Every structure is written in C-alpha cells, then in structure tokens.
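Undergrad: Got final_13.cif for you, mmCIF, C-alpha atoms:
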data_data
#
loop_
_atom_site.group_PDB
_atom_site.id
_atom_site.type_symbol
_atom_site.label_atom_id
_atom_site.label_comp_id
_atom_site.auth_asym_id
_atom_site.auth_seq_id
_atom_site.Cartn_x
_atom_site.Cartn_y
_atom_site.Cartn_z
ATOM 1 C CA GLU B 469 166.048 7.154 -52.092
ATOM 2 C CA LEU B 470 167.407 7.569 -48.553
ATOM 3 C CA ALA B 471 166.178 4.102 -47.633
ATOM 4 C CA ARG B 472 167.916 2.652 -50.676
ATOM 5 C CA LEU B 473 171.189 4.403 -49.847
ATOM 6 C CA ARG B 474 171.037 3.143 -46.265
ATOM 7 C CA ALA B 475 170.418 -0.408 -47.435
ATOM 8 C CA GLU B 476 173.316 -0.323 -49.866
ATOM 9 C CA PHE B 477 175.762 1.526 -47.598
ATOM 10 C CA GLU B 478 178.760 -0.476 -46.468
ATOM 11 C CA PRO B 479 180.827 1.044 -43.650
ATOM 12 C CA PRO B 480 184.528 1.307 -44.487
ATOM 13 C CA LYS B 481 186.597 -1.625 -43.347
ATOM 14 C CA GLU B 482 188.889 -0.960 -40.421
ATOM 15 C CA VAL B 483 192.521 -1.116 -41.387
ATOM 16 C CA GLY B 484 194.779 -2.772 -38.851
ATOM 17 C CA ASP B 485 198.161 -1.531 -37.749
ATOM 18 C CA LEU B 486 200.786 -2.235 -40.358
ATOM 19 C CA SER B 487 204.236 -3.428 -39.425
ATOM 20 C CA SER B 488 207.162 -5.152 -41.073
ATOM 21 C CA ASP B 489 206.637 -8.148 -38.760
ATOM 22 C CA MET B 490 203.202 -9.024 -40.139
ATOM 23 C CA LEU B 491 202.789 -11.722 -42.771
ATOM 24 C CA PHE B 492 203.380 -10.399 -46.269
ATOM 25 C CA ALA B 493 200.052 -11.934 -47.342
ATOM 26 C CA ASP B 494 198.189 -9.985 -44.639
ATOM 27 C CA TYR B 495 200.072 -6.803 -45.459
ATOM 28 C CA LEU B 496 198.980 -6.989 -49.109
ATOM 29 C CA LEU B 497 195.307 -7.108 -48.156
ATOM 30 C CA GLU B 498 195.629 -4.298 -45.625
ATOM 31 C CA TRP B 499 197.559 -2.172 -48.108
ATOM 32 C CA LEU B 500 194.831 -2.628 -50.733
ATOM 33 C CA GLU B 501 192.223 -1.199 -48.379
ATOM 34 C CA ILE B 502 194.459 1.804 -47.713
ATOM 35 C CA ALA B 503 195.021 2.324 -51.452
ATOM 36 C CA LYS B 504 191.332 1.892 -52.279
ATOM 37 C CA GLY B 505 190.588 5.605 -51.952
ATOM 38 C CA ARG B 506 193.092 6.655 -54.626
ATOM 39 C CA LEU B 507 192.515 3.797 -57.080
ATOM 40 C CA ALA B 508 189.939 3.813 -59.871
ATOM 41 C CA HIS B 509 187.117 1.331 -59.337
ATOM 42 C CA ALA B 510 188.274 -0.911 -62.178
ATOM 43 C CA THR B 511 191.877 -0.847 -60.932
ATOM 44 C CA TYR B 512 190.830 -1.676 -57.388
ATOM 45 C CA GLY B 513 188.720 -4.582 -58.633
ATOM 46 C CA ALA B 514 191.572 -5.892 -60.780
ATOM 47 C CA TYR B 515 194.075 -5.632 -57.885
ATOM 48 C CA GLN B 516 191.672 -7.354 -55.530
ATOM 49 C CA GLY B 517 191.129 -10.204 -57.983
ATOM 50 C CA LEU B 518 194.866 -10.747 -58.517
ATOM 51 C CA LEU B 519 195.628 -10.650 -54.804
ATOM 52 C CA LYS B 520 192.858 -12.913 -53.568
ATOM 53 C CA SER B 521 193.017 -15.453 -56.390
ATOM 54 C CA THR B 522 196.769 -15.965 -56.682
ATOM 55 C CA ILE B 523 199.256 -13.709 -54.892
ATOM 56 C CA VAL B 524 197.961 -13.867 -51.309
ATOM 57 C CA PRO B 525 197.313 -17.671 -51.283
ATOM 58 C CA TYR B 526 200.833 -18.299 -52.623
ATOM 59 C CA PHE B 527 202.640 -16.160 -50.051
ATOM 60 C CA ARG B 528 200.398 -17.258 -47.185
ATOM 61 C CA LYS B 529 201.721 -20.781 -47.662
ATOM 62 C CA LYS B 530 205.286 -19.422 -47.518
ATOM 63 C CA LYS B 531 204.554 -17.733 -44.142
ATOM 64 C CA LEU B 532 206.974 -14.921 -44.928
ATOM 65 C CA THR B 533 206.749 -11.648 -43.025
ATOM 66 C CA LEU B 534 207.072 -8.332 -44.803
ATOM 67 C CA ARG B 535 210.563 -7.918 -43.309
ATOM 68 C CA GLU B 536 211.664 -11.394 -44.448
ATOM 69 C CA LEU B 537 210.594 -10.947 -48.055
ATOM 70 C CA GLU B 538 213.543 -10.968 -50.462
ATOM 71 C CA ALA B 539 213.950 -10.546 -54.197
ATOM 72 C CA ARG B 540 214.579 -14.274 -54.622
ATOM 73 C CA HIS B 541 211.147 -15.045 -53.154
ATOM 74 C CA LEU B 542 209.481 -12.841 -55.753
ATOM 75 C CA GLN B 543 211.614 -14.315 -58.523
ATOM 76 C CA MET B 544 210.573 -17.828 -57.501
ATOM 77 C CA PHE B 545 206.931 -16.732 -57.485
ATOM 78 C CA TYR B 546 207.193 -15.252 -60.982
ATOM 79 C CA SER B 547 209.000 -18.330 -62.302
ATOM 80 C CA GLU B 548 206.318 -20.644 -60.967
ATOM 81 C CA MET B 549 203.501 -18.470 -62.308
ATOM 82 C CA LEU B 550 205.082 -18.363 -65.776
ATOM 83 C CA ARG B 551 204.445 -22.103 -66.024
ATOM 84 C CA ARG B 552 200.721 -21.470 -65.573
ATOM 85 C CA VAL B 553 199.873 -18.058 -67.040
ATOM 86 C CA THR B 554 201.113 -15.641 -69.714
ATOM 87 C CA PRO B 555 204.002 -13.218 -69.131
ATOM 88 C CA ASN B 556 201.546 -10.300 -69.300
ATOM 89 C CA THR B 557 199.632 -11.724 -66.333
ATOM 90 C CA VAL B 558 202.857 -12.062 -64.333
ATOM 91 C CA ILE B 559 203.656 -8.439 -65.195
ATOM 92 C CA HIS B 560 200.329 -7.502 -63.591
ATOM 93 C CA TYR B 561 201.297 -9.490 -60.478
ATOM 94 C CA HIS B 562 204.573 -7.578 -60.377
ATOM 95 C CA ALA B 563 202.803 -4.207 -60.686
ATOM 96 C CA VAL B 564 200.580 -4.935 -57.677
ATOM 97 C CA ILE B 565 203.430 -6.224 -55.529
ATOM 98 C CA HIS B 566 205.716 -3.349 -56.492
ATOM 99 C CA SER B 567 203.060 -0.763 -55.569
ATOM 100 C CA ALA B 568 202.419 -2.439 -52.221
ATOM 101 C CA LEU B 569 206.122 -2.549 -51.350
ATOM 102 C CA LYS B 570 206.581 1.037 -52.505
ATOM 103 C CA TYR B 571 204.072 2.089 -49.843
ATOM 104 C CA ALA B 572 205.976 0.066 -47.233
ATOM 105 C CA VAL B 573 209.166 1.965 -48.108
ATOM 106 C CA LYS B 574 207.312 5.285 -48.068
ATOM 107 C CA THR B 575 205.989 4.612 -44.550
ATOM 108 C CA ASP B 576 209.419 3.449 -43.264
ATOM 109 C CA MET B 577 208.435 -0.196 -42.797
ATOM 110 C CA LEU B 578 211.110 -1.223 -45.295
ATOM 111 C CA ILE B 579 214.426 0.327 -46.276
ATOM 112 C CA ARG B 580 214.197 -0.647 -49.954
ATOM 113 C CA ASN B 581 211.731 -2.085 -52.447
ATOM 114 C CA VAL B 582 212.969 -5.607 -53.181
ATOM 115 C CA ALA B 583 210.703 -5.747 -56.252
ATOM 116 C CA ASP B 584 213.150 -3.349 -57.937
ATOM 117 C CA LYS B 585 215.761 -6.119 -57.939
ATOM 118 C CA VAL B 586 213.561 -8.690 -59.689
ATOM 119 C CA ASP B 587 213.698 -9.359 -63.427
ATOM 120 C CA ARG B 588 210.243 -8.597 -64.784
ATOM 121 C CA PRO B 589 209.064 -10.895 -67.619
ATOM 122 C CA ARG B 590 208.907 -9.544 -71.144
ATOM 123 C CA LYS B 591 205.518 -8.775 -72.604
ATOM 124 C CA ASN B 592 203.849 -11.330 -74.827
ATOM 125 C CA SER B 593 204.797 -11.006 -78.455
ATOM 126 C CA PHE B 594 201.515 -10.390 -80.260
ATOM 127 C CA GLN B 595 200.742 -10.058 -83.948
ATOM 128 C CA PRO B 596 197.345 -8.444 -84.516
ATOM 129 C CA VAL B 597 194.964 -9.695 -87.191
ATOM 130 C CA PHE B 598 194.300 -7.281 -90.061
ATOM 131 C CA LEU B 599 191.177 -7.518 -92.191
ATOM 132 C CA SER B 600 191.197 -6.806 -95.897
ATOM 133 C CA ALA B 601 188.955 -4.136 -97.413
ATOM 134 C CA GLU B 602 186.549 -6.849 -98.621
ATOM 135 C CA GLU B 603 186.291 -8.371 -95.140
ATOM 136 C CA MET B 604 185.749 -4.971 -93.560
ATOM 137 C CA GLN B 605 182.917 -4.286 -95.981
ATOM 138 C CA LYS B 606 181.032 -7.268 -94.575
ATOM 139 C CA MET B 607 180.970 -5.632 -91.146
ATOM 140 C CA PHE B 608 180.832 -1.857 -91.495
ATOM 141 C CA GLU B 609 179.596 0.941 -93.643
ATOM 142 C CA GLN B 610 181.858 3.953 -94.000
ATOM 143 C CA GLY B 611 181.183 6.457 -91.235
ATOM 144 C CA THR B 612 182.346 7.743 -87.879
ATOM 145 C CA ILE B 613 181.507 7.758 -84.211
ATOM 146 C CA SER B 614 181.881 10.036 -81.181
ATOM 147 C CA VAL B 615 183.458 8.794 -77.974
ATOM 148 C CA LYS B 616 182.229 10.807 -74.972
ATOM 149 C CA ARG B 617 182.372 8.471 -71.981
ATOM 150 C CA THR B 618 183.695 5.085 -70.921
ATOM 151 C CA VAL B 619 182.078 2.201 -69.064
ATOM 152 C CA THR B 620 184.267 -0.336 -67.303
ATOM 153 C CA SER B 621 183.369 -3.521 -65.435
ATOM 154 C CA THR B 622 185.111 -5.290 -62.605
ATOM 155 C CA ILE B 623 184.533 -7.765 -59.795
ATOM 156 C CA ILE B 624 184.713 -6.276 -56.286
ATOM 157 C CA ASP B 625 184.143 -8.532 -53.281
ATOM 158 C CA GLY B 626 182.714 -11.154 -55.608
ATOM 159 C CA LYS B 627 180.102 -8.799 -57.108
ATOM 160 C CA TYR B 628 179.981 -7.727 -60.759
ATOM 161 C CA GLN B 629 179.960 -3.934 -60.990
ATOM 162 C CA GLU B 630 180.003 -1.421 -63.840
ATOM 163 C CA PHE B 631 181.287 2.142 -63.643
ATOM 164 C CA GLU B 632 180.466 4.917 -66.092
ATOM 165 C CA GLN B 633 182.862 7.856 -66.406
ATOM 166 C CA GLN B 634 182.857 11.102 -68.366
ATOM 167 C CA SER B 635 186.550 10.447 -68.971
ATOM 168 C CA ALA B 636 188.915 7.956 -70.557
ATOM 169 C CA LYS B 637 192.467 6.666 -70.123
ATOM 170 C CA THR B 638 193.787 9.772 -71.917
ATOM 171 C CA LYS B 639 192.247 13.044 -73.145
ATOM 172 C CA SER B 640 192.947 11.941 -76.713
ATOM 173 C CA SER B 641 190.590 8.975 -76.269
ATOM 174 C CA LEU B 642 187.618 11.329 -76.031
ATOM 175 C CA ARG B 643 187.170 12.366 -79.639
ATOM 176 C CA THR B 644 184.606 13.139 -82.324
ATOM 177 C CA LEU B 645 184.929 11.720 -85.826
ATOM 178 C CA PRO B 646 182.754 12.519 -88.877
ATOM 179 C CA LEU B 647 179.446 10.657 -89.170
ATOM 180 C CA ILE B 648 178.466 10.327 -92.819
ATOM 181 C CA GLY B 649 176.599 8.218 -95.348
ATOM 182 C CA SER B 650 174.745 5.037 -94.520
ATOM 183 C CA PHE B 651 176.295 4.949 -91.039
ATOM 184 C CA ARG B 652 174.355 8.094 -90.193
ATOM 185 C CA GLU B 653 171.205 6.526 -91.603
ATOM 186 C CA TYR B 654 171.757 3.453 -89.457
ATOM 187 C CA PHE B 655 172.029 5.485 -86.244
ATOM 188 C CA MET B 656 168.872 7.384 -87.177
ATOM 189 C CA GLN B 657 167.090 4.031 -87.476
ATOM 190 C CA VAL B 658 168.411 3.043 -84.055
ATOM 191 C CA LYS B 659 167.054 6.283 -82.612
ATOM 192 C CA GLU B 660 163.640 5.695 -84.214
ATOM 193 C CA ALA B 661 163.545 2.163 -82.779
ATOM 194 C CA GLN B 662 164.328 3.529 -79.307
ATOM 195 C CA GLU B 663 161.489 6.065 -79.569
ATOM 196 C CA LEU B 664 159.111 3.266 -80.567
ATOM 197 C CA ASN B 665 160.264 1.155 -77.609
ATOM 198 C CA LYS B 666 159.495 4.061 -75.263
ATOM 199 C CA GLN B 667 155.931 4.213 -76.540
ATOM 200 C CA VAL B 668 155.422 0.455 -76.332
ATOM 201 C CA CYS B 669 157.034 -0.043 -72.900
ATOM 202 C CA GLY B 670 155.636 3.073 -71.240
ATOM 203 C CA ASN B 671 156.625 3.267 -67.566
ATOM 204 C CA CYS B 672 158.643 0.058 -67.873
ATOM 205 C CA TYR B 673 161.216 1.815 -70.060
ATOM 206 C CA ASN B 674 164.430 2.879 -68.294
ATOM 207 C CA TYR B 675 165.095 6.550 -69.112
ATOM 208 C CA GLU B 676 168.330 6.663 -67.108
ATOM 209 C CA TYR B 677 170.318 5.894 -70.255
ATOM 210 C CA ASP B 678 168.177 7.935 -72.652
ATOM 211 C CA GLY B 679 170.397 9.119 -75.505
ATOM 212 C CA PHE B 680 172.801 6.198 -75.238
ATOM 213 C CA VAL B 681 173.341 4.101 -78.366
ATOM 214 C CA PHE B 682 173.841 0.672 -76.812
ATOM 215 C CA VAL B 683 170.624 -0.017 -74.898
ATOM 216 C CA ASP B 684 168.171 -2.885 -75.191
ATOM 217 C CA GLU B 685 164.427 -2.767 -75.873
ATOM 218 C CA LEU B 686 163.683 -1.718 -72.271
ATOM 219 C CA GLY B 687 166.297 1.040 -72.252
ATOM 220 C CA GLU B 688 168.774 -0.871 -70.097
ATOM 221 C CA ARG B 689 172.414 -0.218 -70.925
ATOM 222 C CA MET B 690 174.047 -3.240 -72.536
ATOM 223 C CA ARG B 691 176.704 -4.983 -70.470
ATOM 224 C CA VAL B 692 180.291 -4.063 -71.208
ATOM 225 C CA GLU B 693 181.141 -7.580 -72.410
ATOM 226 C CA TYR B 694 178.220 -7.839 -74.826
ATOM 227 C CA LEU B 695 180.118 -6.947 -78.008
ATOM 228 C CA THR B 696 183.197 -9.027 -77.275
ATOM 229 C CA ASN B 697 181.078 -12.034 -76.320
ATOM 230 C CA ALA B 698 178.810 -11.773 -79.390
ATOM 231 C CA PHE B 699 181.623 -11.038 -81.838
ATOM 232 C CA PRO B 700 182.900 -14.645 -82.303
ATOM 233 C CA LYS B 701 179.397 -15.801 -83.289
ATOM 234 C CA PHE B 702 179.128 -12.890 -85.731
ATOM 235 C CA LEU B 703 182.420 -13.863 -87.387
ATOM 236 C CA GLU B 704 181.379 -17.498 -87.684
ATOM 237 C CA SER B 705 177.991 -16.671 -89.184
ATOM 238 C CA HIS B 706 179.635 -14.431 -91.817
ATOM 239 C CA GLY B 707 182.422 -16.861 -92.694
ATOM 240 C CA LEU B 708 185.183 -14.585 -91.406
ATOM 241 C CA ARG B 709 188.455 -15.480 -89.738
ATOM 242 C CA ARG B 710 188.643 -15.819 -85.967
ATOM 243 C CA MET B 711 189.969 -12.645 -84.345
ATOM 244 C CA ARG B 712 189.567 -10.381 -81.328
ATOM 245 C CA PHE B 713 187.062 -7.531 -81.383
ATOM 246 C CA HIS B 714 189.986 -5.164 -80.690
ATOM 247 C CA ASP B 715 191.614 -6.287 -83.961
ATOM 248 C CA LEU B 716 189.026 -4.201 -85.832
ATOM 249 C CA ARG B 717 190.981 -1.209 -84.561
ATOM 250 C CA HIS B 718 194.166 -2.566 -86.144
ATOM 251 C CA SER B 719 192.313 -3.306 -89.380
ATOM 252 C CA CYS B 720 191.014 0.245 -89.503
ATOM 253 C CA ALA B 721 194.527 1.652 -89.101
ATOM 254 C CA SER B 722 195.998 -0.668 -91.730
ATOM 255 C CA LEU B 723 193.354 0.324 -94.294
ATOM 256 C CA LEU B 724 193.916 4.002 -93.582
ATOM 257 C CA LEU B 725 197.630 3.509 -94.184
ATOM 258 C CA ALA B 726 196.973 1.599 -97.384
ATOM 259 C CA ASN B 727 194.915 4.541 -98.649
ATOM 260 C CA GLY B 728 197.661 7.079 -97.996
ATOM 261 C CA VAL B 729 196.514 8.543 -94.669
ATOM 262 C CA PRO B 730 199.578 9.793 -92.706
ATOM 263 C CA LEU B 731 200.413 8.158 -89.391
ATOM 264 C CA LYS B 732 199.849 11.459 -87.580
ATOM 265 C CA HIS B 733 196.236 11.554 -88.765
ATOM 266 C CA ILE B 734 195.793 7.904 -87.803
ATOM 267 C CA GLN B 735 197.031 8.765 -84.309
ATOM 268 C CA GLU B 736 194.167 11.251 -83.952
ATOM 269 C CA TRP B 737 191.678 8.753 -85.376
ATOM 270 C CA LEU B 738 192.699 6.032 -82.903
ATOM 271 C CA GLY B 739 192.933 8.416 -79.957
ATOM 272 C CA HIS B 740 196.595 7.695 -79.100
ATOM 273 C CA SER B 741 198.022 10.374 -76.818
ATOM 274 C CA ASP B 742 201.561 9.741 -78.068
ATOM 275 C CA PHE B 743 202.598 9.503 -81.710
ATOM 276 C CA THR B 744 205.288 6.988 -80.721
ATOM 277 C CA THR B 745 202.576 4.483 -79.806
ATOM 278 C CA THR B 746 201.032 4.701 -83.268
ATOM 279 C CA ALA B 747 204.399 4.529 -85.020
ATOM 280 C CA ASN B 748 205.601 1.510 -83.044
ATOM 281 C CA ILE B 749 202.496 -0.498 -83.935
ATOM 282 C CA TYR B 750 201.892 0.492 -87.545
ATOM 283 C CA ALA B 751 205.117 1.894 -89.015
ATOM 284 C CA HIS B 752 206.011 -1.488 -90.545
ATOM 285 C CA LEU B 753 202.789 -1.319 -92.616
ATOM 286 C CA ASP B 754 203.511 2.131 -94.055
ATOM 287 C CA TYR B 755 204.812 0.790 -97.368
ATOM 288 C CA LYS B 756 203.579 3.772 -99.394
ATOM 289 C CA SER B 757 205.774 6.149 -97.368
ATOM 290 C CA LYS B 758 208.764 3.905 -98.049
ATOM 291 C CA ILE B 759 208.068 4.099 -101.787
ATOM 292 C CA ASN B 760 207.818 7.894 -101.581
ATOM 293 C CA SER B 761 211.100 8.031 -99.645
ATOM 294 C CA ALA B 762 212.818 5.837 -102.226
ATOM 295 C CA GLN B 763 211.549 8.040 -105.049
ATOM 296 C CA ALA B 764 212.785 11.142 -103.218
ATOM 297 C CA MET B 765 216.215 9.569 -102.835
ATOM 298 C CA GLU B 766 216.268 8.721 -106.524
ATOM 299 C CA THR B 767 215.421 12.326 -107.404
ATOM 300 C CA GLY B 768 217.770 13.977 -104.953
ATOM 301 C CA LEU B 769 220.672 11.569 -105.298
ATOM 302 C CA ALA B 770 220.590 10.875 -109.020
ATOM 303 C CA LEU B 771 223.689 9.230 -110.526
ATOM 304 C CA PRO B 772 225.806 11.423 -112.829
ATOM 305 C CA GLU B 773 225.004 11.078 -116.516
ATOM 306 C CA GLY B 774 227.527 9.442 -118.848
ATOM 307 C CA GLY B 775 230.290 7.005 -118.046
ATOM 308 C CA ASP B 776 230.174 3.345 -117.223
ATOM 309 C CA PHE B 777 229.275 2.991 -113.539
ATOM 310 C CA SER B 778 230.100 -0.709 -113.491
ATOM 311 C CA SER B 779 233.615 -0.064 -114.767
ATOM 312 C CA ARG B 780 234.115 2.690 -112.192
ATOM 313 C CA TRP B 781 232.997 0.375 -109.408
ATOM 314 C CA GLY B 782 235.344 -2.278 -110.732
ATOM 315 C CA ALA B 783 238.266 0.163 -110.596
ATOM 316 C CA ILE B 784 237.378 1.190 -107.054
ATOM 317 C CA SER B 785 237.109 -2.447 -105.999
ATOM 318 C CA ALA B 786 240.438 -3.221 -107.619
ATOM 319 C CA GLY B 787 242.005 -0.267 -105.842
ATOM 320 C CA LYS B 788 240.773 -1.603 -102.517
ATOM 321 C CA LYS B 789 242.268 -4.987 -103.239
ATOM 322 C CA CYS B 790 245.602 -3.387 -103.987
#
Could you render the structure as structure tokens?
TA:
Amino acid sequence: ELARLRAEFEPPKEVGDLSSDMLFADYLLEWLEIAKGRLAHATYGAYQGLLKSTIVPYFRKKKLTLRELEARHLQMFYSEMLRRVTPNTVIHYHAVIHSALKYAVKTDMLIRNVADKVDRPRKNSFQPVFLSAEEMQKMFEQGTISVKRTVTSTIIDGKYQEFEQQSAKTKSSLRTLPLIGSFREYFMQVKEAQELNKQVCGNCYNYEYDGFVFVDELGERMRVEYLTNAFPKFLESHGLRRMRFHDLRHSCASLLLANGVPLKHIQEWLGHSDFTTTANIYAHLDYKSKINSAQAMETGLALPEGGDFSSRWGAISAGKKC
C-alpha cells in the first residue's frame, strides 16, 4: 500500500509570486492552484477545464495584465463566447473570472472587481419534458429509493476521476423514501444476482463497493455517466419521446401534483432545500390547487340572493358614464 501511495503521489505545484503586473492569463492559472485546497474536486476540475480550454487561451492572445483588465474586456469576451456557446456556459465563465478577481481584491492586487460591472447573460430558458402516467409505467414500478452518498466525475489534468462523498449539495438531498411493492422485489433480485456473482467470480470480485446497487458483474462501481449515456437508447427501444434523464425528476413531480400531493411534500420528495425552488418550477402545474382556491372563493364570496345582478351592473356602469 505504501509503494502504491508513493507511486501515485504528486508533489504540490509551486505557486509563483502574484502581482497585478503579470498577465491575466497567467494569474488565472496561479489563482486556481491557490484555490485548489478549498474547492471540491468536481469544482476544481470544472474550473480547470473552463480556464484551460477557453478563458486562458482567449486572454493570452490579448496580452492583458491583471492591472490592465477592464470591464469592457470581459464584456467583449462574453459577447464573443455567446456566439459559440449557450448563455449558461458563459455564466460559468463569469463565475470563475469573478472568483479569481475577488481574490485579487482581497490580497490588495486590485482596488475593485471589474467583473462586478459586467452584465452577466441571462440563463437559458428551458422547458422540461413531462411524461404521462402511461409513459412512466413503461419505465418504473411504484416504489422508493434511499439517497445516502453522491459520486461525481471530473477531468483533472486530462485524467478522468471519480469522487465518492457521504454528502450532497444540500442536507435535504440525502433522504430516505418508502420502498414498496414490486420495486422492493426488484432490488431483492439485484441483491441475489450480486451474491451469485460473488460465488462465480471468487477472488476476482471487487468487494470495495459491496452493498452498492449500481455495480457490474465483477463488483466494479458503474461509471457516473452510465445511466445518462444508456438512457437515449432505452427511450428509442421503448418508443418513447426523446428527453433528458433528469426530466424523469420533473415527470415524477408533475404526476405527484396531478394526484393531489401538496408542493411542500413534493419538496421533501425531490430533496429541495428551499420551498421556493419547488414552487418556481412546478407551481404553474398545480391546477388542482387553483380549482380548490376558486371553489373557496365561490363559497366565501357568494353573491347575494335575489335581485338582477345584470341590471345592477348596468346601473353602476351608467352611473360611471354620467
């Protein structure tokens, strides 16, 4: 084990002296190495990919120093990028640049963060795909699942890496939901198949992920992208509409709403930490609540009995005209 650790150990990269007179492109790379210790692995990998693929090459051609960088330079960069990529991608560029400049202000290399003066693009307008109850039936049996850990993947220094964590983006994401019916039976079958694979494979079986659901015949944990990559083929083979794997989440919420489940309960089901998030996405689908509200208004604000309402309204209208 010690020999393996020695072979895999990479000494930390030396960080050069930072100054406002260095090229902005060089500063970004040096800043990333400084920030590496406080960033999650996936975040560091994402920042590194954005910097090395797009941001650094662009500003290296401009030969601007950190001191010379102005808001107009960033605005020109965003405008040019918007002709190539989506607004959401440009927003990610802005987040990286803003964080880097914030550190420069904090360490007195700059007086102000010029990224604060730039107009950030609006997020992409996106309309999720919702499956009907019949379409959902083709994919899932009624049941539940427990979320206990997360696995993320990223590219760091050109190498694909996966990171497992006993945590999630928010505490609400780690949740346990009821496991019932045929879904429970299915997972029992998966467990039985895993036990059989252990007997067949013997010492070749990887016990590191014993107890995990998504492992292959040799016990290796499936890659993070497996489901999203296999999903389009699954849809095509079952004659279903093209959609993202994440849209199953939206379909679940829409069906819960259609069956009278309150938005607050749906928030807990989806693992949203803030009720506002759930309401902003799904409130427009909550038609049943609108019907209930209308009925409550009819009951509480009933029109007085007797009299001709139309004639009264006509008199009021006439009075206004006069």
Undergrad: Give me the box for stretch 554-559 of chain B as AutoDock Vina command-line options, namely the centre and edge lengths in Å to one decimal of a box along x, y and z that holds every listed atom plus 4 Å on each side.
TA:
--center_x 201.8 --center_y -12.0 --center_z -67.0 --size_x 12.4 --size_y 15.2 --size_z 13.4
Undergrad: Check what the PyMOL selection byres ((chain B and resi 558) around 12) selects in the file above and give those residues as a compact mmCIF listing (two decimals) with C-alpha atoms, in the coordinates of the input.
TA:
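What landed in result.txt:
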# COMPACT_ATOMS: atom_id res chain seq x y z
CA LEU B 518 194.87 -10.75 -58.52
CA THR B 522 196.77 -15.96 -56.68
CA ILE B 523 199.26 -13.71 -54.89
CA LEU B 542 209.48 -12.84 -55.75
CA GLN B 543 211.61 -14.32 -58.52
CA MET B 544 210.57 -17.83 -57.50
CA PHE B 545 206.93 -16.73 -57.48
CA TYR B 546 207.19 -15.25 -60.98
CA SER B 547 209.00 -18.33 -62.30
CA GLU B 548 206.32 -20.64 -60.97
CA MET B 549 203.50 -18.47 -62.31
CA LEU B 550 205.08 -18.36 -65.78
CA ARG B 551 204.44 -22.10 -66.02
CA ARG B 552 200.72 -21.47 -65.57
CA VAL B 553 199.87 -18.06 -67.04
CA THR B 554 201.11 -15.64 -69.71
CA PRO B 555 204.00 -13.22 -69.13
CA ASN B 556 201.55 -10.30 -69.30
CA THR B 557 199.63 -11.72 -66.33
CA ILE B 559 203.66 -8.44 -65.19
CA HIS B 560 200.33 -7.50 -63.59
CA TYR B 561 201.30 -9.49 -60.48
CA HIS B 562 204.57 -7.58 -60.38
CA ALA B 563 202.80 -4.21 -60.69
CA VAL B 564 200.58 -4.93 -57.68
CA ILE B 565 203.43 -6.22 -55.53
CA ASP B 587 213.70 -9.36 -63.43
CA ARG B 588 210.24 -8.60 -64.78
CA PRO B 589 209.06 -10.90 -67.62
CA ARG B 590 208.91 -9.54 -71.14
CA LYS B 591 205.52 -8.78 -72.60
CA ASN B 592 203.85 -11.33 -74.83
Undergrad: Written as a ChimeraX atom specification, what is the full residue list that the PyMOL selection byres ((chain B and resi 671-677) around 7) yields on the file shown?
TA: /B:666,669-670,678-680,686-689
Undergrad: Can you list, as a list in words, the residues that the PyMOL selection byres ((chain B and resi 492-497) around 8) selects here?
TA: Leu486, Met490, Leu491, Glu498, Trp499, Leu500, Glu501, Leu519, Ile523, Val524, Pro525, Phe527, Arg528, Lys531, Leu532, Thr533, Leu534, Leu537, Ile565 and Ala568 of chain B
Undergrad: Would you mind reading off the distance between atom CA of B:His509 and atom CA of B:His718, one decimal, in Å?
TA: 28.0 Å
Undergrad: Taking 5 positions as the minimum chain separation for residues in the same chain, which residues sit within 12 Å of B:Ile624 when counting only C-alpha atoms? Answer as a list in words.
TA: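 With the cut-off at 12 Å, the set is Lys504, Ala508, His509, Ala510, Thr511, Tyr512, Gly513, Ala514, Tyr515, Gln516, Gly517, Leu518, Leu519, Lys520, Gln629, Glu630 and Phe631 of chain B.
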Undergrad: Which one is closest to B:Cys720: B:Leu738, B:Tyr694, B:Val683, B:Glu469? Count all atoms listed in the file.
TA: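 Counting all atoms listed in the file, the residue closest to B:Cys720 is B:Leu738.
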Undergrad: Please determine, counting only C-alpha atoms, which residue among B:Val692, B:Phe655, B:Leu470, B:Ser521 has the shortest atom-to-atom distance to B:Glu632.
TA: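 Selected residue with least distance to B:Glu632: B:Val692.
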Undergrad: Mind giving me the straight-line distance from atom CA of B:Asn697 to atom CA of B:Arg712 in Å, one decimal?
TA: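 Straight-line distance from atom CA of B:Asn697 to atom CA of B:Arg712 works out to 10.0 Å.
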Undergrad: By how many Å are atom CA of B:Gly739 and atom CA of B:Thr620 apart?
TA: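 The value is 17.7 Å.
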Undergrad: Name the residues in contact with B:Glu538 at a cut-off of 10 Å, using only C-alpha atoms, excluding same-chain residues fewer than 6 positions from it; report them as a short mmCIF file (atom, residue, chain, number, x, y, z; two decimals) with C-alpha atoms, in the coordinates of the input.
TA:
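This went into result-v7.cif:
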data_model
loop_
_atom_site.label_atom_id
_atom_site.label_comp_id
_atom_site.auth_asym_id
_atom_site.auth_seq_id
_atom_site.Cartn_x
_atom_site.Cartn_y
_atom_site.Cartn_z
CA LEU B 532 206.97 -14.92 -44.93
CA ASN B 581 211.73 -2.08 -52.45
CA VAL B 582 212.97 -5.61 -53.18
CA ALA B 583 210.70 -5.75 -56.25
CA LYS B 585 215.76 -6.12 -57.94
CA VAL B 586 213.56 -8.69 -59.69
#
Undergrad: Return the single residue from B:Gly707, B:Ala721, B:Val658, B:Pro700 that is closest to B:Asp684, with distances computed using only C-alpha atoms.
TA: B:Val658
